[in-house]
Amino acid sequence: MNLDVLAGCVATASCFVTQVSTGLIVGMLLFLVASGLSLIFGVLGVVNFAHGVFYMLGAYFAFAAYEATGSFVLALLAGAAGAGLVGIVFERFFMSRVYGKDLLMQLLVCYAAILICDDLVKIVFGADYKLMGMPEAFATAPVEVLGGFIPGYYIFMVGMALGIGAVLWLGINRTRLGKIIRALAINPQMVGALGINTRLLYAGVFGMGCVLAGTAGALAAPVRTLTPGMGLSVLIESFIVTVIGGMGSIPGALVAAILIGLTRAFGAIGFPLFTDGLMFALMGLVLILRPSGLLGARTA
Amino acid sequence: MSAPPNPGVPILEVKGTDVFYGASQILFGIDLAVARGQTMALLGRNGAGKSTTFKAIAGIAPPRRGQVLLSGAAVSGKAPYLVARAGIGYVPEDRQVFPEHTVEDNLIVGAKAGPRGDRHWTAERIYEVFPLLAGMRHRMAGRLSGGEQQMLTIARTLMGNPDILLLDEPSEGLAPIIVRAIGDLIRTLRGMSVTILIAEQNMHFCLGVATHATVIDKGQVVYSAGIDELRGNDAILQRYLAV
């Protein structure tokens, strides 16, 4: 433990600002991945254990598009759309066959998808680390806040994630499609009897969840090293976020993701060897005090 | 409702329909025809096959033999959502409202154009015909009473502008005064020439709202006639409906 260092950082504005901004971008990436996971679980009732794959695919698709075109906008779109398309194919041909089946069957299908996709990425892109590099538009001097420096890209990422979260929340709660999707989560047979193609909608919701993971991967590409298997740690942290925030709650995922991001950023200073343990401790605490998560339905 | 094509053809026809649940046969060659503007009661004891007949029509329990025709076109074998889009408005038993949606959001989920693109039923029109729902449009459907939920499920299906409304046991589990209100509502819809097929155990309720009746017993049609004829037929009433 390095509590003195931690206390010193919290007391120093510049260190504090730097760690908060680091924590926020970790949190925002987790928020996007976890809200996709939460959306899929909330509507389809399945846990997409392969969700990390779509984060990885988003990053690699963005990397490939950026190498080919040099446009970061196209890279973002390629990451989001590519992950979404693969997600729809995965849902239609594999996942939909194990709905309502034994959890182990679902786990097996997802685990197979993880192994196959990781190897496909290895074959196409190679097993070594890849760096996408910072897009030119963000190659500016960092913004100074209270003596700490925040890269412009961090601010962009936080804005994007919050914007996507807001659109998602409004879409689910205010639009007709969102109302149908919430009804689908509760009584799919009745939704079908009202003339709505529920299978199409399931595929769409699954694809949307994968778009969120892919967007997170694409946003992470400039600030992370790309490696086959990079989805796994994100998947585990997203599970922690969904458990802390409450399954199915988007605002809950946001609060929990920021908490986990800050825990990691400050934990890395105060408890460098126990950062993962801190996250699980936080999860355990929430599970004891509020078993359905911070913002989950109380009656779960 | 806009007039479906082929005015001479019944809106709904069930022909020689057999339905099985696994190995056991539930329906044996059911024949049924509902003409435009009729309110047909499907009567029979508990377990006679009324709900299964409805599920066969709605595509949820597809018939192994026989056909379901809507204005002369086959709908049997189609997925339930396609049967609904073809114009069959199925209201299942047990009042399956979406409890965490408001009354208005329940209606919005049910909204769709009818089979010929018509949108006669809008939320505003629903509130005129169901004034009780108008005052509750922002209330969560799960907080409504049983009778209010029953009205909402009927209204929600009407929002899909169906050619025929299938009501499965609308009076089940409701207090007599509420059953009367549901009856008034069905008579109002009948007056607007909505075609209705209604499955009921409550014979008195049906005698008050229906124009025609079909009686089924052990998965077979045993009697079909105008409602006045049934009212005068003590033998049928005694034998199959036990009054």
# chains A, B, ... in the order shown; residues from 1 in each chain; ligands from 1

$ residues_around --residues "Gly36 in chain A" --least-positions-apart "3" --cutoff "6 Å" --atoms "only C-alpha atoms" --output "list in words"
Val33, Leu39, Gly209 and Leu212 of chain A

$ write_last_selection --atoms "all heavy atoms" --output "PDB file, in the first residue's frame"
ATOM      1  N   VAL A  33     -19.651  -0.274 -23.034  1.00  0.00           N
ATOM      2  CA  VAL A  33     -19.678  -1.737 -23.148  1.00  0.00           C
ATOM      3  C   VAL A  33     -20.762  -2.309 -22.237  1.00  0.00           C
ATOM      4  O   VAL A  33     -21.560  -3.154 -22.641  1.00  0.00           O
ATOM      5  CB  VAL A  33     -18.303  -2.339 -22.787  1.00  0.00           C
ATOM      6  CG1 VAL A  33     -18.349  -3.856 -22.890  1.00  0.00           C
ATOM      7  CG2 VAL A  33     -17.222  -1.793 -23.704  1.00  0.00           C
ATOM      8  N   LEU A  39     -28.402  -3.909 -21.957  1.00  0.00           N
ATOM      9  CA  LEU A  39     -29.526  -3.844 -22.907  1.00  0.00           C
ATOM     10  C   LEU A  39     -29.885  -5.249 -23.385  1.00  0.00           C
ATOM     11  O   LEU A  39     -31.050  -5.645 -23.387  1.00  0.00           O
ATOM     12  CB  LEU A  39     -29.129  -2.954 -24.084  1.00  0.00           C
ATOM     13  CG  LEU A  39     -30.158  -2.762 -25.196  1.00  0.00           C
ATOM     14  CD1 LEU A  39     -31.320  -1.933 -24.698  1.00  0.00           C
ATOM     15  CD2 LEU A  39     -29.520  -2.090 -26.407  1.00  0.00           C
ATOM     16  N   GLY A 209     -26.679  -3.632 -28.980  1.00  0.00           N
ATOM     17  CA  GLY A 209     -25.764  -3.852 -27.862  1.00  0.00           C
ATOM     18  C   GLY A 209     -24.330  -4.001 -28.354  1.00  0.00           C
ATOM     19  O   GLY A 209     -23.394  -3.474 -27.757  1.00  0.00           O
ATOM     20  N   LEU A 212     -22.795  -0.703 -29.384  1.00  0.00           N
ATOM     21  CA  LEU A 212     -22.270   0.042 -28.230  1.00  0.00           C
ATOM     22  C   LEU A 212     -20.877  -0.453 -27.856  1.00  0.00           C
ATOM     23  O   LEU A 212     -19.967   0.348 -27.601  1.00  0.00           O
ATOM     24  CB  LEU A 212     -23.228  -0.087 -27.039  1.00  0.00           C
ATOM     25  CG  LEU A 212     -24.537   0.679 -27.187  1.00  0.00           C
ATOM     26  CD1 LEU A 212     -25.548   0.243 -26.140  1.00  0.00           C
ATOM     27  CD2 LEU A 212     -24.290   2.180 -27.081  1.00  0.00           C
TER      28      LEU A 212
END

$ closest_atom_pairs --of "chain A" --to "chain B" --cutoff "7 Å" --atoms "only C-alpha atoms" --output "CSV"
residue,atom,partner,partner_atom,distance
A:Arg176,CA,B:Ile108,CA,6.7
A:Lys179,CA,B:Val109,CA,6.5
A:Ile180,CA,B:Val109,CA,5.5
A:Ala183,CA,B:Phe98,CA,6.2
A:Gly192,CA,B:Tyr81,CA,4.8
A:Ala193,CA,B:Tyr81,CA,5.5
A:Leu194,CA,B:Gly110,CA,5.7
A:Gly195,CA,B:Tyr81,CA,4.0
A:Ile196,CA,B:Tyr81,CA,5.4
A:Asn197,CA,B:Tyr81,CA,5.8

$ atom_distance --atom1 "CA of Val205 in chain A" --atom2 "CA of Leu85 in chain A"
11.7 Å

$ select_by_dssp --residues "range 122-218 of chain B" --states "strand (DSSP E)" --output "MDAnalysis selection string"
chainID B and resid 164:168 195:200 212:217

$ select_by_dssp --residues "range 142-273 of chain A" --states "alpha helix (DSSP H)" --output "MDAnalysis selection string"
chainID A and resid 152:174 176:186 188:193 198:220 231:245 250:270

$ residues_around --residues "range 218-225 of chain B" --least-positions-apart "2" --cutoff "10 Å" --atoms "only C-alpha atoms" --output "JSON list (two decimals) with C-alpha atoms, in the first residue's frame"
[["chain", "number", "residue", "atom", "x", "y", "z"],
["B", 16, "GLY", "CA", -61.86, -28.74, -40.36],
["B", 17, "THR", "CA", -59.18, -27.70, -37.90],
["B", 18, "ASP", "CA", -57.33, -30.28, -35.79],
["B", 19, "VAL", "CA", -54.94, -29.09, -33.10],
["B", 25, "GLN", "CA", -55.52, -34.00, -29.76],
["B", 26, "ILE", "CA", -57.40, -30.98, -28.44],
["B", 27, "LEU", "CA", -59.52, -29.90, -31.43],
["B", 28, "PHE", "CA", -61.33, -32.27, -33.79],
["B", 29, "GLY", "CA", -62.30, -30.75, -37.12],
["B", 30, "ILE", "CA", -63.53, -27.37, -35.86],
["B", 31, "ASP", "CA", -65.68, -25.46, -38.37],
["B", 32, "LEU", "CA", -66.56, -21.87, -37.69],
["B", 33, "ALA", "CA", -67.55, -18.87, -39.78],
["B", 40, "MET", "CA", -70.12, -14.50, -32.53],
["B", 41, "ALA", "CA", -69.98, -16.17, -29.14],
["B", 42, "LEU", "CA", -67.87, -19.31, -28.84],
["B", 43, "LEU", "CA", -69.44, -21.10, -25.91],
["B", 44, "GLY", "CA", -68.46, -24.21, -24.03],
["B", 45, "ARG", "CA", -67.42, -25.55, -20.67],
["B", 46, "ASN", "CA", -64.02, -25.11, -19.16],
["B", 47, "GLY", "CA", -61.62, -27.29, -21.20],
["B", 48, "ALA", "CA", -63.95, -27.58, -24.20],
["B", 49, "GLY", "CA", -61.28, -26.07, -26.48],
["B", 50, "LYS", "CA", -62.28, -22.40, -26.70],
["B", 52, "THR", "CA", -57.14, -23.51, -28.14],
["B", 53, "THR", "CA", -59.45, -22.54, -31.02],
["B", 211, "THR", "CA", -75.65, -11.92, -32.30],
["B", 212, "HIS", "CA", -74.66, -15.51, -33.05],
["B", 213, "ALA", "CA", -73.36, -18.47, -31.08],
["B", 214, "THR", "CA", -71.30, -21.57, -31.69],
["B", 215, "VAL", "CA", -71.13, -24.19, -28.96],
["B", 216, "ILE", "CA", -68.14, -26.52, -28.68],
["B", 227, "ILE", "CA", -78.43, -16.04, -30.49],
["B", 228, "ASP", "CA", -82.26, -16.01, -30.21],
["B", 229, "GLU", "CA", -82.41, -19.56, -31.46],
["B", 230, "LEU", "CA", -79.91, -20.66, -28.83],
["B", 231, "ARG", "CA", -81.87, -18.82, -26.15],
["B", 236, "ILE", "CA", -78.51, -27.40, -25.88],
["B", 240, "TYR", "CA", -73.56, -28.26, -22.94]]

$ residues_around --residues "range 213-227 of chain A" --least-positions-apart "2" --cutoff "6 Å" --atoms "only C-alpha atoms" --output "ChimeraX atom specification"
/A:29,32-33,54-56,58-59,62,76,79-80,83,129-134,210-211,230

$ atom_distance --atom1 "CA of Val286 in chain A" --atom2 "CA of Ser233 in chain A"
20.7 Å

$ atom_distance --atom1 "CA of Ser171 in chain B" --atom2 "CA of Leu107 in chain B"
20.9 Å

$ residues_around --residues "Leu144 in chain B" --least-positions-apart "4" --cutoff "12 Å" --atoms "only C-alpha atoms" --output "PyMOL selection string"
chain B and resi 95-103+132-133+135-140+148-153

$ write_last_selection --atoms "N, CA, C and O atoms" --output "PDB file, in the first residue's frame"
ATOM      1  N   ARG B  95     -55.759 -10.739 -19.345  1.00  0.00           N
ATOM      2  CA  ARG B  95     -55.479  -9.294 -19.342  1.00  0.00           C
ATOM      3  C   ARG B  95     -53.996  -8.983 -19.340  1.00  0.00           C
ATOM      4  O   ARG B  95     -53.448  -8.445 -18.388  1.00  0.00           O
ATOM      5  N   GLN B  96     -53.331  -9.297 -20.436  1.00  0.00           N
ATOM      6  CA  GLN B  96     -51.874  -9.130 -20.438  1.00  0.00           C
ATOM      7  C   GLN B  96     -51.458  -7.719 -20.841  1.00  0.00           C
ATOM      8  O   GLN B  96     -50.886  -7.510 -21.895  1.00  0.00           O
ATOM      9  N   VAL B  97     -51.731  -6.761 -19.964  1.00  0.00           N
ATOM     10  CA  VAL B  97     -51.243  -5.396 -20.215  1.00  0.00           C
ATOM     11  C   VAL B  97     -49.739  -5.380 -19.958  1.00  0.00           C
ATOM     12  O   VAL B  97     -49.190  -6.273 -19.319  1.00  0.00           O
ATOM     13  N   PHE B  98     -49.054  -4.363 -20.467  1.00  0.00           N
ATOM     14  CA  PHE B  98     -47.645  -4.165 -20.110  1.00  0.00           C
ATOM     15  C   PHE B  98     -47.652  -3.320 -18.835  1.00  0.00           C
ATOM     16  O   PHE B  98     -47.908  -2.115 -18.882  1.00  0.00           O
ATOM     17  N   PRO B  99     -47.390  -3.943 -17.678  1.00  0.00           N
ATOM     18  CA  PRO B  99     -47.694  -3.278 -16.400  1.00  0.00           C
ATOM     19  C   PRO B  99     -46.858  -2.033 -16.123  1.00  0.00           C
ATOM     20  O   PRO B  99     -47.328  -1.126 -15.451  1.00  0.00           O
ATOM     21  N   GLU B 100     -45.630  -1.988 -16.672  1.00  0.00           N
ATOM     22  CA  GLU B 100     -44.779  -0.833 -16.381  1.00  0.00           C
ATOM     23  C   GLU B 100     -44.819   0.208 -17.489  1.00  0.00           C
ATOM     24  O   GLU B 100     -43.982   1.111 -17.534  1.00  0.00           O
ATOM     25  N   HIS B 101     -45.769   0.081 -18.391  1.00  0.00           N
ATOM     26  CA  HIS B 101     -46.035   1.110 -19.391  1.00  0.00           C
ATOM     27  C   HIS B 101     -47.281   1.865 -18.936  1.00  0.00           C
ATOM     28  O   HIS B 101     -48.173   1.278 -18.324  1.00  0.00           O
ATOM     29  N   THR B 102     -47.354   3.140 -19.300  1.00  0.00           N
ATOM     30  CA  THR B 102     -48.583   3.868 -19.012  1.00  0.00           C
ATOM     31  C   THR B 102     -49.685   3.339 -19.936  1.00  0.00           C
ATOM     32  O   THR B 102     -49.413   2.611 -20.895  1.00  0.00           O
ATOM     33  N   VAL B 103     -50.927   3.731 -19.612  1.00  0.00           N
ATOM     34  CA  VAL B 103     -52.058   3.349 -20.450  1.00  0.00           C
ATOM     35  C   VAL B 103     -51.792   3.783 -21.896  1.00  0.00           C
ATOM     36  O   VAL B 103     -51.935   3.001 -22.840  1.00  0.00           O
ATOM     37  N   LEU B 132     -63.320   5.913 -19.827  1.00  0.00           N
ATOM     38  CA  LEU B 132     -62.663   5.572 -18.570  1.00  0.00           C
ATOM     39  C   LEU B 132     -61.136   5.625 -18.710  1.00  0.00           C
ATOM     40  O   LEU B 132     -60.420   6.075 -17.815  1.00  0.00           O
ATOM     41  N   LEU B 133     -60.630   5.174 -19.876  1.00  0.00           N
ATOM     42  CA  LEU B 133     -59.180   5.151 -20.090  1.00  0.00           C
ATOM     43  C   LEU B 133     -58.617   6.553 -20.290  1.00  0.00           C
ATOM     44  O   LEU B 133     -57.456   6.809 -19.973  1.00  0.00           O
ATOM     45  N   GLY B 135     -59.115   9.254 -18.719  1.00  0.00           N
ATOM     46  CA  GLY B 135     -58.690   9.885 -17.478  1.00  0.00           C
ATOM     47  C   GLY B 135     -57.465   9.236 -16.859  1.00  0.00           C
ATOM     48  O   GLY B 135     -56.926   9.724 -15.869  1.00  0.00           O
ATOM     49  N   MET B 136     -57.042   8.096 -17.416  1.00  0.00           N
ATOM     50  CA  MET B 136     -55.921   7.352 -16.812  1.00  0.00           C
ATOM     51  C   MET B 136     -54.754   7.228 -17.759  1.00  0.00           C
ATOM     52  O   MET B 136     -53.897   6.377 -17.553  1.00  0.00           O
ATOM     53  N   ARG B 137     -54.713   8.064 -18.771  1.00  0.00           N
ATOM     54  CA  ARG B 137     -53.743   7.798 -19.833  1.00  0.00           C
ATOM     55  C   ARG B 137     -52.299   7.808 -19.352  1.00  0.00           C
ATOM     56  O   ARG B 137     -51.451   7.156 -19.935  1.00  0.00           O
ATOM     57  N   HIS B 138     -52.020   8.523 -18.267  1.00  0.00           N
ATOM     58  CA  HIS B 138     -50.632   8.568 -17.792  1.00  0.00           C
ATOM     59  C   HIS B 138     -50.383   7.637 -16.604  1.00  0.00           C
ATOM     60  O   HIS B 138     -49.310   7.648 -16.023  1.00  0.00           O
ATOM     61  N   ARG B 139     -51.396   6.835 -16.261  1.00  0.00           N
ATOM     62  CA  ARG B 139     -51.219   5.929 -15.127  1.00  0.00           C
ATOM     63  C   ARG B 139     -50.550   4.628 -15.597  1.00  0.00           C
ATOM     64  O   ARG B 139     -50.769   4.182 -16.724  1.00  0.00           O
ATOM     65  N   MET B 140     -49.737   4.024 -14.720  1.00  0.00           N
ATOM     66  CA  MET B 140     -49.131   2.742 -15.066  1.00  0.00           C
ATOM     67  C   MET B 140     -50.226   1.681 -15.192  1.00  0.00           C
ATOM     68  O   MET B 140     -51.091   1.559 -14.323  1.00  0.00           O
ATOM     69  N   GLU B 148     -60.466  -2.436 -15.698  1.00  0.00           N
ATOM     70  CA  GLU B 148     -59.791  -1.398 -16.488  1.00  0.00           C
ATOM     71  C   GLU B 148     -58.710  -2.005 -17.372  1.00  0.00           C
ATOM     72  O   GLU B 148     -58.534  -1.616 -18.528  1.00  0.00           O
ATOM     73  N   GLN B 149     -57.987  -2.987 -16.802  1.00  0.00           N
ATOM     74  CA  GLN B 149     -56.964  -3.661 -17.605  1.00  0.00           C
ATOM     75  C   GLN B 149     -57.596  -4.405 -18.768  1.00  0.00           C
ATOM     76  O   GLN B 149     -57.063  -4.421 -19.878  1.00  0.00           O
ATOM     77  N   GLN B 150     -58.764  -5.027 -18.535  1.00  0.00           N
ATOM     78  CA  GLN B 150     -59.448  -5.735 -19.615  1.00  0.00           C
ATOM     79  C   GLN B 150     -59.817  -4.760 -20.731  1.00  0.00           C
ATOM     80  O   GLN B 150     -59.639  -5.048 -21.906  1.00  0.00           O
ATOM     81  N   MET B 151     -60.328  -3.585 -20.343  1.00  0.00           N
ATOM     82  CA  MET B 151     -60.677  -2.586 -21.357  1.00  0.00           C
ATOM     83  C   MET B 151     -59.437  -2.144 -22.120  1.00  0.00           C
ATOM     84  O   MET B 151     -59.467  -1.962 -23.336  1.00  0.00           O
ATOM     85  N   LEU B 152     -58.338  -1.984 -21.378  1.00  0.00           N
ATOM     86  CA  LEU B 152     -57.101  -1.535 -22.024  1.00  0.00           C
ATOM     87  C   LEU B 152     -56.599  -2.571 -23.040  1.00  0.00           C
ATOM     88  O   LEU B 152     -56.155  -2.210 -24.129  1.00  0.00           O
ATOM     89  N   THR B 153     -56.687  -3.857 -22.693  1.00  0.00           N
ATOM     90  CA  THR B 153     -56.198  -4.858 -23.654  1.00  0.00           C
ATOM     91  C   THR B 153     -57.051  -4.842 -24.918  1.00  0.00           C
ATOM     92  O   THR B 153     -56.521  -4.998 -26.025  1.00  0.00           O
TER      93      THR B 153
END

$ closest_residue --among "A:Tyr202, A:Phe274, A:Tyr99, A:Tyr60" --to "Val43 in chain A" --atoms "only C-alpha atoms"
A:Tyr202

$ closest_residue --among "B:Val14, B:Val209, B:Val129, B:Ala155" --to "Arg187 in chain B" --atoms "only C-alpha atoms"
B:Val209

$ residues_around --residues "Leu69 in chain B" --least-positions-apart "2" --cutoff "10 Å" --atoms "only C-alpha atoms" --output "PyMOL selection string"
chain B and resi 9-15+33+57+66-67+71-76

$ write_last_selection --atoms "C-alpha atoms" --output "mmCIF file, in the first residue's frame"
data_model
loop_
_atom_site.group_PDB
_atom_site.id
_atom_site.type_symbol
_atom_site.label_atom_id
_atom_site.label_comp_id
_atom_site.auth_asym_id
_atom_site.auth_seq_id
_atom_site.Cartn_x
_atom_site.Cartn_y
_atom_site.Cartn_z
ATOM 1 C CA VAL B 9 -67.103 -14.152 -48.006
ATOM 2 C CA PRO B 10 -67.060 -14.515 -44.211
ATOM 3 C CA ILE B 11 -64.371 -12.428 -42.509
ATOM 4 C CA LEU B 12 -63.144 -15.415 -40.550
ATOM 5 C CA GLU B 13 -63.509 -19.046 -41.495
ATOM 6 C CA VAL B 14 -62.101 -22.008 -39.613
ATOM 7 C CA LYS B 15 -62.333 -25.194 -41.659
ATOM 8 C CA ALA B 33 -67.553 -18.869 -39.781
ATOM 9 C CA ILE B 57 -56.657 -18.841 -35.275
ATOM 10 C CA GLY B 66 -57.534 -27.768 -41.665
ATOM 11 C CA GLN B 67 -57.362 -24.086 -42.470
ATOM 12 C CA SER B 71 -61.617 -12.870 -45.986
ATOM 13 C CA GLY B 72 -60.961 -16.009 -48.031
ATOM 14 C CA ALA B 73 -57.143 -15.953 -47.756
ATOM 15 C CA ALA B 74 -55.348 -18.601 -45.692
ATOM 16 C CA VAL B 75 -53.545 -17.362 -42.582
ATOM 17 C CA SER B 76 -52.942 -20.749 -40.953
#

$ residues_around --residues "Lys122 in chain A" --least-positions-apart "4" --cutoff "10 Å" --atoms "only C-alpha atoms" --output "count of residues only"
9

$ closest_residue --among "A:Val53, A:Ile186, A:Ala137, A:Leu104" --to "Phe72 in chain A" --atoms "only C-alpha atoms"
A:Ala137
